[in-house]
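The next block is query05.cif, given as mmCIF, C-alpha atoms.
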data_data
#
loop_
_atom_site.group_PDB
_atom_site.id
_atom_site.type_symbol
_atom_site.label_atom_id
_atom_site.label_comp_id
_atom_site.auth_asym_id
_atom_site.auth_seq_id
_atom_site.Cartn_x
_atom_site.Cartn_y
_atom_site.Cartn_z
ATOM 1 C CA MET A 1 -73.638 -59.691 47.130
ATOM 2 C CA THR A 2 -74.744 -59.996 50.735
ATOM 3 C CA LYS A 3 -73.468 -58.253 53.846
ATOM 4 C CA THR A 4 -71.562 -61.421 54.757
ATOM 5 C CA ASP A 5 -69.884 -61.406 51.333
ATOM 6 C CA ILE A 6 -68.885 -57.759 51.802
ATOM 7 C CA ILE A 7 -67.444 -58.518 55.239
ATOM 8 C CA LYS A 8 -65.405 -61.420 53.826
ATOM 9 C CA CYS A 9 -64.159 -59.298 50.919
ATOM 10 C CA VAL A 10 -63.158 -56.315 53.086
ATOM 11 C CA SER A 11 -61.502 -58.606 55.620
ATOM 12 C CA LYS A 12 -59.488 -60.308 52.865
ATOM 13 C CA GLN A 13 -58.497 -57.016 51.188
ATOM 14 C CA THR A 14 -57.456 -55.247 54.389
ATOM 15 C CA GLY A 15 -56.159 -58.117 56.494
ATOM 16 C CA VAL A 16 -58.423 -57.026 59.364
ATOM 17 C CA ASP A 17 -60.254 -59.778 61.259
ATOM 18 C CA ARG A 18 -63.912 -60.406 60.403
ATOM 19 C CA GLU A 19 -65.217 -59.380 63.853
ATOM 20 C CA THR A 20 -63.717 -55.902 63.499
ATOM 21 C CA VAL A 21 -64.942 -55.527 59.917
ATOM 22 C CA THR A 22 -68.421 -56.680 61.008
ATOM 23 C CA SER A 23 -68.452 -54.071 63.772
ATOM 24 C CA VAL A 24 -67.402 -51.317 61.349
ATOM 25 C CA ILE A 25 -69.982 -52.332 58.719
ATOM 26 C CA GLU A 26 -72.755 -52.474 61.357
ATOM 27 C CA SER A 27 -71.742 -49.047 62.643
ATOM 28 C CA TYR A 28 -71.722 -47.658 59.094
ATOM 29 C CA VAL A 29 -75.189 -49.027 58.329
ATOM 30 C CA ASN A 30 -76.590 -47.696 61.618
ATOM 31 C CA THR A 31 -75.081 -44.267 60.954
ATOM 32 C CA VAL A 32 -76.581 -44.135 57.452
ATOM 33 C CA LYS A 33 -79.992 -45.169 58.820
ATOM 34 C CA SER A 34 -80.020 -42.670 61.675
ATOM 35 C CA THR A 35 -78.785 -39.831 59.453
ATOM 36 C CA LEU A 36 -81.533 -40.472 56.891
ATOM 37 C CA ILE A 37 -84.156 -40.776 59.643
ATOM 38 C CA GLU A 38 -83.056 -37.333 60.864
ATOM 39 C CA GLY A 39 -83.741 -36.011 57.353
ATOM 40 C CA GLU A 40 -80.147 -35.379 56.316
ATOM 41 C CA SER A 41 -78.471 -36.647 53.171
ATOM 42 C CA ILE A 42 -75.120 -38.439 52.998
ATOM 43 C CA ASN A 43 -72.649 -37.586 50.250
ATOM 44 C CA PHE A 44 -69.627 -39.703 49.357
ATOM 45 C CA ARG A 45 -67.387 -37.945 46.847
ATOM 46 C CA ASN A 46 -66.890 -40.009 43.658
ATOM 47 C CA PHE A 47 -69.441 -42.564 44.899
ATOM 48 C CA GLY A 48 -72.858 -40.978 45.348
ATOM 49 C CA THR A 49 -75.510 -39.563 47.660
ATOM 50 C CA PHE A 50 -78.061 -41.219 49.909
ATOM 51 C CA TYR A 51 -81.105 -38.986 50.385
ATOM 52 C CA LEU A 52 -84.816 -38.963 51.238
ATOM 53 C CA LYS A 53 -87.552 -38.105 48.784
ATOM 54 C CA ARG A 54 -91.136 -37.333 49.705
ATOM 55 C CA ARG A 55 -93.791 -39.169 47.730
ATOM 56 C CA ALA A 56 -97.110 -37.372 47.391
ATOM 57 C CA PRO A 57 -100.353 -39.097 48.372
ATOM 58 C CA LYS A 58 -102.094 -40.872 45.529
ATOM 59 C CA THR A 59 -104.916 -43.241 44.786
ATOM 60 C CA GLY A 60 -104.244 -46.824 43.877
ATOM 61 C CA ARG A 61 -106.266 -49.849 42.960
ATOM 62 C CA ASN A 62 -106.593 -53.153 44.798
ATOM 63 C CA LEU A 63 -106.831 -55.550 41.870
ATOM 64 C CA MET A 64 -108.078 -58.451 44.023
ATOM 65 C CA THR A 65 -111.172 -56.606 45.234
ATOM 66 C CA ASN A 66 -111.358 -54.004 42.457
ATOM 67 C CA THR A 67 -111.542 -51.154 44.970
ATOM 68 C CA THR A 68 -109.808 -47.800 45.111
ATOM 69 C CA ILE A 69 -107.390 -47.252 47.978
ATOM 70 C CA LEU A 70 -105.603 -44.134 49.213
ATOM 71 C CA ILE A 71 -101.831 -44.401 49.430
ATOM 72 C CA PRO A 72 -100.676 -41.789 51.973
ATOM 73 C CA ALA A 73 -97.709 -39.466 51.528
ATOM 74 C CA HIS A 74 -94.471 -41.052 52.633
ATOM 75 C CA LYS A 75 -90.705 -40.741 52.363
ATOM 76 C CA VAL A 76 -88.408 -43.169 50.584
ATOM 77 C CA ALA A 77 -84.642 -43.539 50.812
ATOM 78 C CA LEU A 78 -82.839 -43.247 47.488
ATOM 79 C CA PHE A 79 -79.277 -43.441 46.197
ATOM 80 C CA LYS A 80 -77.956 -41.335 43.342
ATOM 81 C CA PRO A 81 -74.549 -42.412 42.026
ATOM 82 C CA SER A 82 -71.945 -39.746 41.279
ATOM 83 C CA LYS A 83 -71.141 -38.965 37.663
ATOM 84 C CA GLU A 84 -67.826 -40.840 37.887
ATOM 85 C CA PHE A 85 -69.502 -43.923 39.366
ATOM 86 C CA ALA A 86 -72.380 -43.820 36.865
ATOM 87 C CA ASP A 87 -69.917 -43.495 33.980
ATOM 88 C CA ALA A 88 -67.873 -46.441 35.300
ATOM 89 C CA ILE A 89 -71.019 -48.582 35.503
ATOM 90 C CA ALA A 90 -72.105 -47.543 32.026
ATOM 91 C CA SER A 91 -68.742 -48.383 30.485
ATOM 92 C CA ALA A 92 -68.564 -51.729 32.333
ATOM 93 C CA THR A 93 -72.020 -52.780 31.122
ATOM 94 C CA THR A 94 -71.333 -51.850 27.504
ATOM 95 C CA GLU A 95 -68.284 -54.129 27.398
ATOM 96 C CA GLU A 96 -70.323 -57.281 28.078
#

As structure tokens, how would this structure be written, given the file I've shared?
Amino acid sequence: MTKTDIIKCVSKQTGVDRETVTSVIESYVNTVKSTLIEGESINFRNFGTFYLKRRAPKTGRNLMTNTTILIPAHKVALFKPSKEFADAIASATTEE
């Protein structure tokens, strides 16, 4: 599902015009980005948590040139679903 699909779906479900839904979705995405950049996590009850995790530096291998490279420490954004959401996904996938 793409952002456009989400906008269409929310617009249809709520009866709100697409321009307003687009503005709200863009604002939501920008808020999530800026909050994570500031180092804070975002928790949605019964949905999940967006958070940052620090990856330690490590050595890797460039297979094309067969040389060792250093991968520096960095942060990655992650999402952990809530127990209710994870259980719902697990039960939906077992029914298929």

Original post:
Which distance in Å separates CA of Phe47 in chain A and CA of Arg18 in chain A, to one decimal?
Top reply: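 Going from CA of Phe47 in chain A over to CA of Arg18 in chain A covers 24.3 Å.
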
Subject >> Distance query Arg54 in chain A at most 8 Å, all atoms listed in the file, self and fewer than 6 positions along chain excluded, as a ChimeraX atom specification >> reply: /A:73-76

**OP:** With a distance cut-off of 12 Å and only C-alpha atoms, select the neighbouring residues of Glu19 in chain A, excluding the residue or stretch itself and same-chain residues fewer than 3 positions from it, and output the selection as number ranges by chain.
**Re:** A: 4, 7-8, 10-11, 15-16, 22-26

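In this comparison, which uses all atoms listed in the file, the residue of A:Leu52, A:Ala90, A:Ser82, A:Ile69 approaching Ile37 in chain A most closely is A:Leu52.
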
Name the residues in contact with Pro81 in chain A at a cut-off of 6 Å, using only C-alpha atoms, excluding same-chain residues fewer than 2 positions from it; report them as a PDB file with C-alpha atoms, in the frame of the given file.
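Generated file (out.pdb):
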ATOM      1  CA  PHE A  47     -69.441 -42.564  44.899  1.00  0.00           C
ATOM      2  CA  GLY A  48     -72.858 -40.978  45.348  1.00  0.00           C
ATOM      3  CA  PHE A  85     -69.502 -43.923  39.366  1.00  0.00           C
ATOM      4  CA  ALA A  86     -72.380 -43.820  36.865  1.00  0.00           C
TER       5      ALA A  86
END

Could you expand the PyMOL selection byres ((chain A and resi 41) around 6) into the explicit residues it covers here, written as a PDB file with C-alpha atoms, keeping the file's coordinate frame?
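And here's part29.pdb as it stands now:
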ATOM      1  CA  GLU A  40     -80.147 -35.379  56.316  1.00  0.00           C
ATOM      2  CA  ILE A  42     -75.120 -38.439  52.998  1.00  0.00           C
ATOM      3  CA  PHE A  50     -78.061 -41.219  49.909  1.00  0.00           C
ATOM      4  CA  TYR A  51     -81.105 -38.986  50.385  1.00  0.00           C
TER       5      TYR A  51
END

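Proximity to Lys3 in chain A was assessed for A:Leu78, A:Leu36, A:Val21, A:Ile71 counting all atoms listed in the file; the smallest distance is recorded for A:Val21.
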
How about completing range 72-93 of chain A with N, CA and C atoms and giving it to me as a PDB file, in the frame of the given file?
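Contents of out_7.pdb, freshly written:
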ATOM      1  N   PRO A  72    -101.050 -43.055  51.332  1.00  0.00           N
ATOM      2  CA  PRO A  72    -100.676 -41.789  51.973  1.00  0.00           C
ATOM      3  C   PRO A  72     -99.297 -41.304  51.537  1.00  0.00           C
ATOM      4  N   ALA A  73     -99.029 -40.030  51.798  1.00  0.00           N
ATOM      5  CA  ALA A  73     -97.709 -39.466  51.528  1.00  0.00           C
ATOM      6  C   ALA A  73     -96.696 -40.181  52.409  1.00  0.00           C
ATOM      7  N   HIS A  74     -95.511 -40.382  51.874  1.00  0.00           N
ATOM      8  CA  HIS A  74     -94.471 -41.052  52.633  1.00  0.00           C
ATOM      9  C   HIS A  74     -93.107 -40.679  52.064  1.00  0.00           C
ATOM     10  N   LYS A  75     -92.068 -41.013  52.807  1.00  0.00           N
ATOM     11  CA  LYS A  75     -90.705 -40.741  52.363  1.00  0.00           C
ATOM     12  C   LYS A  75     -90.037 -42.054  51.998  1.00  0.00           C
ATOM     13  N   VAL A  76     -89.168 -41.996  50.992  1.00  0.00           N
ATOM     14  CA  VAL A  76     -88.408 -43.169  50.584  1.00  0.00           C
ATOM     15  C   VAL A  76     -86.924 -42.793  50.531  1.00  0.00           C
ATOM     16  N   ALA A  77     -86.080 -43.745  50.888  1.00  0.00           N
ATOM     17  CA  ALA A  77     -84.642 -43.539  50.812  1.00  0.00           C
ATOM     18  C   ALA A  77     -84.174 -43.892  49.407  1.00  0.00           C
ATOM     19  N   LEU A  78     -83.339 -43.040  48.843  1.00  0.00           N
ATOM     20  CA  LEU A  78     -82.839 -43.247  47.488  1.00  0.00           C
ATOM     21  C   LEU A  78     -81.324 -43.075  47.463  1.00  0.00           C
ATOM     22  N   PHE A  79     -80.710 -43.609  46.423  1.00  0.00           N
ATOM     23  CA  PHE A  79     -79.277 -43.441  46.197  1.00  0.00           C
ATOM     24  C   PHE A  79     -79.075 -42.929  44.784  1.00  0.00           C
ATOM     25  N   LYS A  80     -78.298 -41.867  44.659  1.00  0.00           N
ATOM     26  CA  LYS A  80     -77.956 -41.335  43.342  1.00  0.00           C
ATOM     27  C   LYS A  80     -76.445 -41.451  43.171  1.00  0.00           C
ATOM     28  N   PRO A  81     -75.992 -42.275  42.218  1.00  0.00           N
ATOM     29  CA  PRO A  81     -74.549 -42.412  42.026  1.00  0.00           C
ATOM     30  C   PRO A  81     -73.933 -41.124  41.480  1.00  0.00           C
ATOM     31  N   SER A  82     -72.661 -40.906  41.807  1.00  0.00           N
ATOM     32  CA  SER A  82     -71.945 -39.746  41.279  1.00  0.00           C
ATOM     33  C   SER A  82     -71.726 -39.948  39.778  1.00  0.00           C
ATOM     34  N   LYS A  83     -71.370 -38.876  39.105  1.00  0.00           N
ATOM     35  CA  LYS A  83     -71.141 -38.965  37.663  1.00  0.00           C
ATOM     36  C   LYS A  83     -70.023 -39.959  37.346  1.00  0.00           C
ATOM     37  N   GLU A  84     -68.943 -39.933  38.126  1.00  0.00           N
ATOM     38  CA  GLU A  84     -67.826 -40.840  37.887  1.00  0.00           C
ATOM     39  C   GLU A  84     -68.263 -42.299  38.052  1.00  0.00           C
ATOM     40  N   PHE A  85     -69.024 -42.566  39.096  1.00  0.00           N
ATOM     41  CA  PHE A  85     -69.502 -43.923  39.366  1.00  0.00           C
ATOM     42  C   PHE A  85     -70.483 -44.368  38.280  1.00  0.00           C
ATOM     43  N   ALA A  86     -71.405 -43.487  37.905  1.00  0.00           N
ATOM     44  CA  ALA A  86     -72.380 -43.820  36.865  1.00  0.00           C
ATOM     45  C   ALA A  86     -71.680 -44.090  35.532  1.00  0.00           C
ATOM     46  N   ASP A  87     -70.674 -43.296  35.218  1.00  0.00           N
ATOM     47  CA  ASP A  87     -69.917 -43.495  33.980  1.00  0.00           C
ATOM     48  C   ASP A  87     -69.168 -44.828  34.006  1.00  0.00           C
ATOM     49  N   ALA A  88     -68.599 -45.174  35.171  1.00  0.00           N
ATOM     50  CA  ALA A  88     -67.873 -46.441  35.300  1.00  0.00           C
ATOM     51  C   ALA A  88     -68.821 -47.620  35.111  1.00  0.00           C
ATOM     52  N   ILE A  89     -70.015 -47.517  35.664  1.00  0.00           N
ATOM     53  CA  ILE A  89     -71.019 -48.582  35.503  1.00  0.00           C
ATOM     54  C   ILE A  89     -71.445 -48.692  34.048  1.00  0.00           C
ATOM     55  N   ALA A  90     -71.669 -47.555  33.418  1.00  0.00           N
ATOM     56  CA  ALA A  90     -72.105 -47.543  32.026  1.00  0.00           C
ATOM     57  C   ALA A  90     -71.042 -48.148  31.112  1.00  0.00           C
ATOM     58  N   SER A  91     -69.783 -47.822  31.344  1.00  0.00           N
ATOM     59  CA  SER A  91     -68.742 -48.383  30.485  1.00  0.00           C
ATOM     60  C   SER A  91     -68.519 -49.865  30.756  1.00  0.00           C
ATOM     61  N   ALA A  92     -68.722 -50.298  31.994  1.00  0.00           N
ATOM     62  CA  ALA A  92     -68.564 -51.729  32.333  1.00  0.00           C
ATOM     63  C   ALA A  92     -69.684 -52.563  31.722  1.00  0.00           C
ATOM     64  N   THR A  93     -70.905 -52.024  31.661  1.00  0.00           N
ATOM     65  CA  THR A  93     -72.020 -52.780  31.122  1.00  0.00           C
ATOM     66  C   THR A  93     -72.014 -52.815  29.608  1.00  0.00           C
TER      67      THR A  93
END
